[in-house]
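First up is the structure itself, then whatever we jot down about it.
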Amino acid sequence: MKKMFTVAIDGPAGSGKSSTARRVAKALGYTYIDTGAMYRAVTLLALRNGSLDNRENVIKLLKENKISLKSGSEGNTVFLNDEDITHEIRSELINNNVSKISSFPEVRTELVRMQQEMGKNGGVVMEGRDICSVVFPNAEFKFFFTASVEERAKRRLKDLEADGSSVTLEEVRESIIKRDNFDSGRGVSPMKKTPDSIEIDTTSMTLDEQCEFIVNLVREKEQNDG
Ligand code: DC
């Protein structure tokens, strides 16, 4: 039987990790897991219950509700209990509050536990901020994606415009910088490149090039170890 590995990808917003992870998973026949979507789902839960500033209540809500991901060829469908919240968690309101929720240690402990369970048998491409450092430090493949802030803001703007939002490039740029600083400066599991991760600067790369690079590495190991 074909050996199934764990592919871990970390990096900031707009670095290209999500599109790449999704395509790589499809090419390899692996399951794609977008862990940012899980932090976004908890943020939505907290906002709906007016509990953004009440840490204990957020933890309680997380325990009382079920957050789940369904992996499909177009990415993850995200559920809060039985409700499909895939689109709602991409709003600017969530963008502006998700860093705060993801800095709560108890939220991280619970979501990391769920992510480790989801990926325990390998055959996953999991992307986030702490996958290489905390969730799967022993993953066979570890990548850290980067890109210039300008390029990342342009990419994010394109996504937001496609969703009907009317924000400006400058607003997106500011929100990206703010979130980067928060995510890399937080006390628990800050976003950082681990020494054993391969850094991929996607500023001038195409999606095809990014995917090909990773898929080739994994296929080579599958053949050698299989
Ligand atoms: O990848 P994203 O933009 O959807 O992630 C949303 C937020 O969730 C991001 O600002 C930081 C947080 N996050 C995290 O702390 N750890 C992860 N593994 C994934 C996301």
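By order of appearance in the structure tokens: chains A, B, ..., then residues from 1 within every chain, and ligands from 1 in the order shown.
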
Spatial neighbours of A:Leu61, max dist 9 Å, only C-alpha atoms, sep filter under 5 positions, as a PDB file with N, CA, C and O atoms, in the first residue's frame:
```pdb
ATOM      1  N   VAL A  42     -14.432  29.476  15.720  1.00  0.00           N
ATOM      2  CA  VAL A  42     -14.554  29.810  17.148  1.00  0.00           C
ATOM      3  C   VAL A  42     -14.819  31.310  17.297  1.00  0.00           C
ATOM      4  O   VAL A  42     -15.592  31.744  18.159  1.00  0.00           O
ATOM      5  N   LEU A  45     -18.422  31.977  16.639  1.00  0.00           N
ATOM      6  CA  LEU A  45     -19.183  31.501  17.795  1.00  0.00           C
ATOM      7  C   LEU A  45     -19.131  32.540  18.918  1.00  0.00           C
ATOM      8  O   LEU A  45     -20.154  32.878  19.527  1.00  0.00           O
ATOM      9  N   ALA A  46     -17.956  33.081  19.172  1.00  0.00           N
ATOM     10  CA  ALA A  46     -17.782  34.070  20.238  1.00  0.00           C
ATOM     11  C   ALA A  46     -18.535  35.361  19.902  1.00  0.00           C
ATOM     12  O   ALA A  46     -19.215  35.932  20.764  1.00  0.00           O
ATOM     13  N   ASN A  49     -22.263  35.194  20.304  1.00  0.00           N
ATOM     14  CA  ASN A  49     -22.715  35.120  21.691  1.00  0.00           C
ATOM     15  C   ASN A  49     -22.235  36.302  22.524  1.00  0.00           C
ATOM     16  O   ASN A  49     -22.323  36.273  23.753  1.00  0.00           O
ATOM     17  N   GLU A  56     -13.506  32.821  29.497  1.00  0.00           N
ATOM     18  CA  GLU A  56     -14.097  31.592  30.052  1.00  0.00           C
ATOM     19  C   GLU A  56     -15.309  31.151  29.224  1.00  0.00           C
ATOM     20  O   GLU A  56     -15.515  29.973  28.967  1.00  0.00           O
TER      21      GLU A  56
END
```

**Study point:** Expected answer as a VMD selection string: residues within 6 Å of ligand 1, only C-alpha atoms and all ligand atoms
**Key:** chain A and resid 13 35 to 37 39 to 40 98 to 99 102 128 to 131 179 183

Review point. Which neighbours of A:Ile214 fall inside 12 Å, counting only C-alpha atoms, when residues of the same chain fewer than 5 positions from it are skipped, and could you give them as a list in words?
Key: Thr6, Val7, Ala8, Ile9, Lys17, Thr20, Ala21, Arg22, Arg23, Val24, Ala25, Ala27, Leu28, Val125, Glu140, Phe141, Lys142, Phe143, Phe144, Phe145, Ile198, Glu199, Ile200, Leu207, Asp208, Glu209, Arg219, Glu220 and Lys221 of chain A

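Counting only C-alpha atoms, the residue from A:Lys3, A:Leu52, A:Ser91, A:Thr86 that sits nearest to A:Leu160 is A:Ser91.
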
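Pairwise distance (atom CA of A:Val188, atom CA of A:Asn96) equals 19.0 Å.
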
Review point. Stretch 91-146 of chain A: which residues are strand (DSSP E) by DSSP, as a PyMOL selection string?
Key: chain A and resi 124-128+141-146

Point to revise | Between atom CA of A:Arg152 and atom CA of A:Ser15 - distance in Å to one decimal | key: 6.0 Å

**Study point:** DSSP helix (DSSP H, G or I) selection over stretch 1-225 of chain A, as a ChimeraX atom specification
**Key:** /A:17-28,35-48,55-64,88-90,92-101,105-118,131-135,149-162,169-185,207-225

Review point. Taking into account only C-alpha atoms, which residue in the set A:Val149, A:Ser133, A:Ile67, A:Leu111 is nearest to A:Glu174?
Key: A:Val149

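With only C-alpha atoms as the atoms that count, the residue of A:Asn81, A:Ser51, A:Thr43, A:Ser71 with the shortest distance to A:Val107 is A:Thr43.
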
**Study point:** Using only C-alpha atoms: which of A:Glu127, A:Asp180, A:Glu106, A:Glu222 has the shortest distance to A:Ala153
**Key:** A:Asp180
